[in-house]
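Peer 1: There's a structure below that I have some questions on.
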Amino acid sequence: MQAEGIELHRLSHVFTTRRQSVAALDGVDLSVAAGRFVSVVGPSGCGKSTILRILAGLLVPTAGEALVRGETASGRPGLVAYMPQKDLLLPWRRALANASLGAEIAGVPTRDARRRALELFGAFGLSGFEHSWPVQLSGGMRQRLALLRTFLIPSPVMLLDEPFGALDAITRRQMQQWLQQVLARESRTVLLVTHDVEEALVLSDEVYVMSPRPGRMAARVAVPFERPRQPGLVTAPAFVALKADLLAALDAGASSGSPCEPAV
Amino acid sequence: MLAAFFRTPRKAASAAREYLPAALLLILLIAGWEAWVRAFDTKPYILPAPSRVWSAFLDVRSQIPGHARTTLVEALLGLTIGAGIGVTLAALLSAMPLLRRVLYPLLVISQTIPMVVLAPLLIAWFGFGMTPKIVVVALIAFFPIAVSTADALTGADREMVGLVRSMGAGRLQVLRYVLFPAALPAFFAGLKIAAAYAVAGAVIGEWVGASSGLGLFITRSQRAFRVDQIFVAVAFVAFASVALFAAVHVLSRLALPWMYAHEEESES
């Protein structure tokens with residue numbers, strides 16, 4: 001038991017609409033120790049995001065427990081730094097004000113929150129764009145700004161939902177390298193959700209594989225390589241072998257569950 | 001304030017170019033009207049020529065500012081009160097679905113009552129002063145503001161609300177950081193519509209009974225069969241409406257800088 005990280009015990013969730021009920025999660029167990037980077041991979045739309053929404057306090061699970069730093073997260077927002085799939089930058093705030101949003105909501109005086117944000121603009125590759133409006137930023141910059149906003153939320157636990165999902169393959173690889181550098185400087189406990197096996201392997205200490213709906217944990221793989229990892233690692237034989245294992249686990253999971261549809 | 005609107009001389013020039021066609025069309029219409037009246041020798045109590053309207057204006061010049069001031073004050077106060085009521089209603093309607101279901105039909109019905117019917121009643125209730133006119137303007141103004149703002153509040157991005165809630169935001173913070181700014185463009189859209197009708201609303205209120213105002217001036221001119229004077233008043237109503245509309249437009253540009261971020265980019 002790690003009181004400082006994330007703990008899920010037999011977490012289940014059923015979405016009930018007027019016409020039907022859909023089981024999204026079925027007895028999920030997972031733990032992330034403090035300072036560790038853990039990924040969950042699985043097919044799209046099969047409950048991965050639901051885990052993060054429960055941990056972010058936006059969704060009360062039907063059964064089971066979700067603990068953040070020893071406290072129950074269900075129905076209690078404000079415990080984690082959550083980065084949803086879309087960047088969700090507020091169009092009416094300039095880049096700097098978007099970055100400091102979480103800190104300001106947490107009650108940090110605006111001036112202090114903005115000063116702290118300003119210090120990190122360079123590290124996040126955004127210098128010179130402090131006073132731009134979100135519509136004036138490129139896709140990669142918007143994503144970095146959303147990440148910066150997430151880093152500035154005063155919580156050591158980060159939840160990332162497909163943070164680079166909307167980016168092209170080249171930008172995506174750059175962002176993975178760059179996220180590792182940032183994490184080397186500012187350590188965080190991270191739970192990342194992705195459908196990209198390579199991304200999960202490059203970034204994580206541990207990877208969980210989820211089966212399609214209802215989501216269950218099908219496998220758990222430890223990634224032995226030292227962090228931060230070099231870009232060349234992805235072609236190393238040991239890495240490729242691990243990737244093959246993960247893909248096999250994904251395929252095995254896929255054949256056991258029902259076919260996947262986009263989440264409601 | 002205007003400096004932000006016309007940031008550079010180049011911008012002022014481009015604004016002139018933008019409004020030139022409209023100005024030319026207006027001049028052309030007035031010239032055509034003058035020609036028509038002269039060619040067909042139309043009687044002035046049917047349709048006075050623009051030149052005759054102008055000389056009527058010179059005759060009544062001294063009376064106009066007092067009346068115009070009354071009407072403008074009524075329009076501005078009515079618009080402000082209407083905007084306040086509109087925003088309050090929008091907040092209540094979007095926060096309470098039950099209230100929305102109960103109140104929304106009544107609000108729509110309130111707009112179907114002709115103001116010319118309501119205005120005499122309002123005078124009976126509030127007297128001959130400015131109050132009934134302000135009420136008429138507020139009744140006209142609140143509706144487009146309430147409807148567009150309420151729709152924008154209920155239609156605000158749920159995911160953005162979720163994001164700030166995940167950051168620990170309470171109801172008031174959600175309102176401040178997401179809902180209020182998200183609804184601001186719609187509020188200004190409603191305010192623009194309301195501003196366009198505000199002066200005409202005040203005139204309708206005055207028409208029924210007043211001691212001062214352009215509506216009173218029109219009624220008096222009507223009784224004297226001075227159609228040229230009516231046109232003078234109508235021109236002032238139109239001018240005041242356009243000015244009010246333009247003022248709201250400038251205000252909305254200043255309040256919604258992010259909506260014009262693309263222009264900012266192309267300028268630099």
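Naming works like this for the structure tokens: A, B, ... for the chains as they're shown, residue 1 at the start of each chain, ligands 1 onward in shown order.
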Name the residues in contact with A:Ile105 at a cut-off of 9 Å, using only C-alpha atoms, excluding same-chain residues fewer than 3 positions from it; report them as a PyMOL selection string.
Peer 2: (chain A and resi 100-102+108+153) or (chain B and resi 164+167-170+173+177)
Peer 1: Keeping C-alpha atoms for every residue in the selection just given, could you write it to a file as a PDB file, in the first residue's frame?
Peer 2:
```pdb
ATOM      1  CA  SER A 100      -2.145  29.413 -14.130  1.00  0.00           C
ATOM      2  CA  LEU A 101      -5.861  28.464 -14.064  1.00  0.00           C
ATOM      3  CA  GLY A 102      -5.541  25.474 -11.724  1.00  0.00           C
ATOM      4  CA  VAL A 108      -3.015  30.807  -5.031  1.00  0.00           C
ATOM      5  CA  ILE A 153      -2.145  22.446 -10.541  1.00  0.00           C
TER       6      ILE A 153
ATOM      7  CA  VAL B 164     -12.383  23.367 -13.731  1.00  0.00           C
ATOM      8  CA  MET B 167      -9.379  21.515 -10.246  1.00  0.00           C
ATOM      9  CA  GLY B 168     -11.639  21.844  -7.212  1.00  0.00           C
ATOM     10  CA  ALA B 169     -13.781  24.756  -8.440  1.00  0.00           C
ATOM     11  CA  GLY B 170     -17.071  25.363  -6.611  1.00  0.00           C
ATOM     12  CA  GLN B 173     -15.896  29.527  -9.564  1.00  0.00           C
ATOM     13  CA  TYR B 177     -14.147  30.920 -14.952  1.00  0.00           C
TER      14      TYR B 177
END
```
Peer 1: With a distance cut-off of 12 Å and only C-alpha atoms, select the neighbouring residues of B:Ala95, excluding the residue or stretch itself and same-chain residues fewer than 6 positions from it, and output the selection as a short mmCIF file (atom, residue, chain, number, x, y, z; two decimals) with C-alpha atoms, in the first residue's frame.
Peer 2:
```cif
data_model
loop_
_atom_site.label_atom_id
_atom_site.label_comp_id
_atom_site.auth_asym_id
_atom_site.auth_seq_id
_atom_site.Cartn_x
_atom_site.Cartn_y
_atom_site.Cartn_z
CA THR B 88 -30.62 37.59 -13.97
CA LEU B 89 -33.38 35.61 -15.68
CA ARG B 101 -39.94 24.88 -17.96
CA ALA B 150 -29.74 31.48 -21.15
CA ASP B 151 -29.11 29.34 -24.23
CA LEU B 153 -25.24 29.26 -20.35
CA THR B 154 -26.97 25.91 -20.77
CA GLY B 155 -24.98 25.17 -23.92
CA ARG B 171 -20.30 26.55 -8.24
CA LEU B 172 -19.34 30.22 -8.14
CA LEU B 175 -19.63 30.47 -13.11
CA LEU B 179 -20.03 29.90 -17.72
#
```
Peer 1: Could you list, as a list in words, every residue within 9 Å of stretch 69-74 of chain A, counting only C-alpha atoms and ignoring same-chain residues fewer than 5 positions away?
Peer 2: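 Residues meeting the cut-off are Gln2, Ala3, Glu4, Gly5, Ile6, Glu7, Ala34, Ile54, Leu55, Ala56, Gly57, Leu58, Leu59, Val60, Pro61, Leu79, Val80 and Val157 of chain A.
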Peer 1: Just need the residues of chain A within 12 Å of chain B, counting only C-alpha atoms, so spit them out as number ranges by chain.
Peer 2: A: 52-59, 73-95, 97-98, 100-107, 131-137, 146, 149-155, 158-159
Peer 1: Give me, as a ChimeraX atom specification, all polymer residues having an atom no more than 12 Å from B:Gly209, counting only C-alpha atoms and skipping those fewer than 2 positions away in the same chain.
Peer 2: /B:116,119-124,126-133,202-207,211-220
Peer 1: Generate a file of the selected residues that holds C-alpha atoms, formatted as a PDB file, in the first residue's frame.
Peer 2:
```
ATOM      1  CA  VAL B 116     -49.259  49.900 -28.058  1.00  0.00           C
ATOM      2  CA  ALA B 119     -48.333  51.399 -23.006  1.00  0.00           C
ATOM      3  CA  PRO B 120     -51.639  53.080 -21.936  1.00  0.00           C
ATOM      4  CA  LEU B 121     -51.919  50.601 -19.041  1.00  0.00           C
ATOM      5  CA  LEU B 122     -48.390  51.390 -17.947  1.00  0.00           C
ATOM      6  CA  ILE B 123     -49.244  55.086 -17.962  1.00  0.00           C
ATOM      7  CA  ALA B 124     -52.290  54.353 -15.807  1.00  0.00           C
ATOM      8  CA  PHE B 126     -46.905  54.640 -13.387  1.00  0.00           C
ATOM      9  CA  GLY B 127     -48.119  58.107 -14.439  1.00  0.00           C
ATOM     10  CA  PHE B 128     -47.001  60.420 -17.243  1.00  0.00           C
ATOM     11  CA  GLY B 129     -43.329  60.630 -16.287  1.00  0.00           C
ATOM     12  CA  MET B 130     -40.393  58.663 -17.608  1.00  0.00           C
ATOM     13  CA  THR B 131     -41.169  55.474 -15.654  1.00  0.00           C
ATOM     14  CA  PRO B 132     -43.745  53.885 -18.021  1.00  0.00           C
ATOM     15  CA  LYS B 133     -41.440  54.527 -21.008  1.00  0.00           C
ATOM     16  CA  ALA B 202     -39.189  54.676 -25.843  1.00  0.00           C
ATOM     17  CA  VAL B 203     -40.967  56.529 -28.671  1.00  0.00           C
ATOM     18  CA  ILE B 204     -43.888  54.075 -28.527  1.00  0.00           C
ATOM     19  CA  GLY B 205     -44.086  54.656 -24.786  1.00  0.00           C
ATOM     20  CA  GLU B 206     -44.181  58.426 -25.301  1.00  0.00           C
ATOM     21  CA  TRP B 207     -46.698  58.228 -28.084  1.00  0.00           C
ATOM     22  CA  SER B 211     -44.692  65.597 -21.284  1.00  0.00           C
ATOM     23  CA  SER B 212     -41.451  65.436 -23.263  1.00  0.00           C
ATOM     24  CA  GLY B 213     -39.725  63.221 -25.825  1.00  0.00           C
ATOM     25  CA  LEU B 214     -39.524  62.549 -29.558  1.00  0.00           C
ATOM     26  CA  GLY B 215     -42.707  60.451 -29.359  1.00  0.00           C
ATOM     27  CA  LEU B 216     -44.601  63.446 -27.965  1.00  0.00           C
ATOM     28  CA  PHE B 217     -43.084  65.633 -30.678  1.00  0.00           C
ATOM     29  CA  ILE B 218     -44.333  63.178 -33.316  1.00  0.00           C
ATOM     30  CA  THR B 219     -47.859  63.137 -31.853  1.00  0.00           C
ATOM     31  CA  ARG B 220     -48.001  66.935 -31.825  1.00  0.00           C
TER      32      ARG B 220
END
```
Peer 1: Identify which of the residues B:Val237, B:Leu139, B:Leu191, B:Ala56 lies closest to B:Ile109, counting only C-alpha atoms when measuring atom-to-atom distances.
Peer 2: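 Selected residue with least distance to B:Ile109: B:Leu139.
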Peer 1: From a DSSP pass on the backbone, collect the residues of stretch 37-222 of chain A flagged as alpha helix (DSSP H) and hand them back as a PyMOL selection string.
Peer 2: chain A and resi 48-55+95-99+101-105+110-121+139-151+169-185+197-203
Peer 1: Would you please extract all strand (DSSP E) residues from stretch 50-102 of chain A, as assigned by DSSP on the backbone, and give them as an NGL selection string?
Peer 2: :A and (63-68 or 71-72 or 81-83)
Peer 1: Select, from B:Ile113, B:Val208, B:Met96, B:Leu79, the residue with the minimum atom-to-atom distance to B:Gly190, counting only C-alpha atoms.
Peer 2: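 Closest candidate: B:Leu79.
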Peer 1: So the first atom is atom CA of B:Ile145 and the second is atom CA of B:Phe187; what is the distance between them in Å, to one decimal place?
Peer 2: 5.7 Å
Peer 1: What is the distance, in Å and to one decimal place, between atom CA of B:Ala198 and atom CA of B:Ala75?
Peer 2: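 That distance, rounded to one decimal, is 5.2 Å.
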Peer 1: Could you give me, as a PyMOL selection string, the residues within 7 Å of stretch 218-229 of chain A, counting only C-alpha atoms and dropping anything in the same chain fewer than 2 positions from it?
Peer 2: chain A and resi 180+201-202+204-211+216+231+233+249+253
Peer 1: Please dump the current selection as a compact mmCIF listing (two decimals), in the first residue's frame; keep N, CA and C atoms.
Peer 2:
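The resulting file, again-v9.txt, is shown below:
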```txt
# COMPACT_ATOMS: atom_id res chain seq x y z
N GLN A 180 9.49 13.58 -20.91
CA GLN A 180 10.46 12.89 -20.04
C GLN A 180 11.42 13.89 -19.40
N LEU A 201 5.23 2.36 -23.52
CA LEU A 201 6.52 1.74 -23.19
C LEU A 201 7.62 2.79 -23.03
N VAL A 202 7.61 3.80 -23.89
CA VAL A 202 8.65 4.83 -23.83
C VAL A 202 8.57 5.60 -22.52
N SER A 204 6.69 4.80 -19.49
CA SER A 204 6.26 4.26 -18.20
C SER A 204 7.25 3.36 -17.49
N ASP A 205 7.04 3.23 -16.17
CA ASP A 205 7.71 2.22 -15.37
C ASP A 205 6.94 0.90 -15.44
N GLU A 206 5.64 1.03 -15.69
CA GLU A 206 4.76 -0.12 -15.64
C GLU A 206 3.60 0.13 -16.60
N VAL A 207 3.17 -0.92 -17.30
CA VAL A 207 2.06 -0.77 -18.23
C VAL A 207 0.98 -1.80 -17.91
N TYR A 208 -0.25 -1.32 -17.76
CA TYR A 208 -1.39 -2.22 -17.59
C TYR A 208 -2.10 -2.34 -18.94
N VAL A 209 -2.54 -3.55 -19.25
CA VAL A 209 -3.29 -3.76 -20.49
C VAL A 209 -4.74 -4.01 -20.13
N MET A 210 -5.64 -3.27 -20.78
CA MET A 210 -7.05 -3.42 -20.48
C MET A 210 -7.76 -4.16 -21.59
N SER A 211 -8.75 -4.97 -21.21
CA SER A 211 -9.57 -5.66 -22.21
C SER A 211 -10.70 -4.73 -22.60
N ARG A 216 -11.41 -4.67 -18.02
CA ARG A 216 -10.74 -5.41 -16.94
C ARG A 216 -9.25 -5.30 -17.19
N PRO A 231 15.58 8.31 -27.60
CA PRO A 231 14.66 8.05 -28.72
C PRO A 231 15.00 6.75 -29.46
N LEU A 233 15.80 3.98 -28.31
CA LEU A 233 15.40 2.78 -27.58
C LEU A 233 14.32 1.98 -28.31
N ALA A 249 -0.75 -9.35 -25.56
CA ALA A 249 -1.70 -9.25 -24.44
C ALA A 249 -2.95 -8.48 -24.85
N GLY A 253 -6.70 -9.97 -24.95
CA GLY A 253 -7.79 -9.27 -24.25
C GLY A 253 -8.94 -8.98 -25.19
```
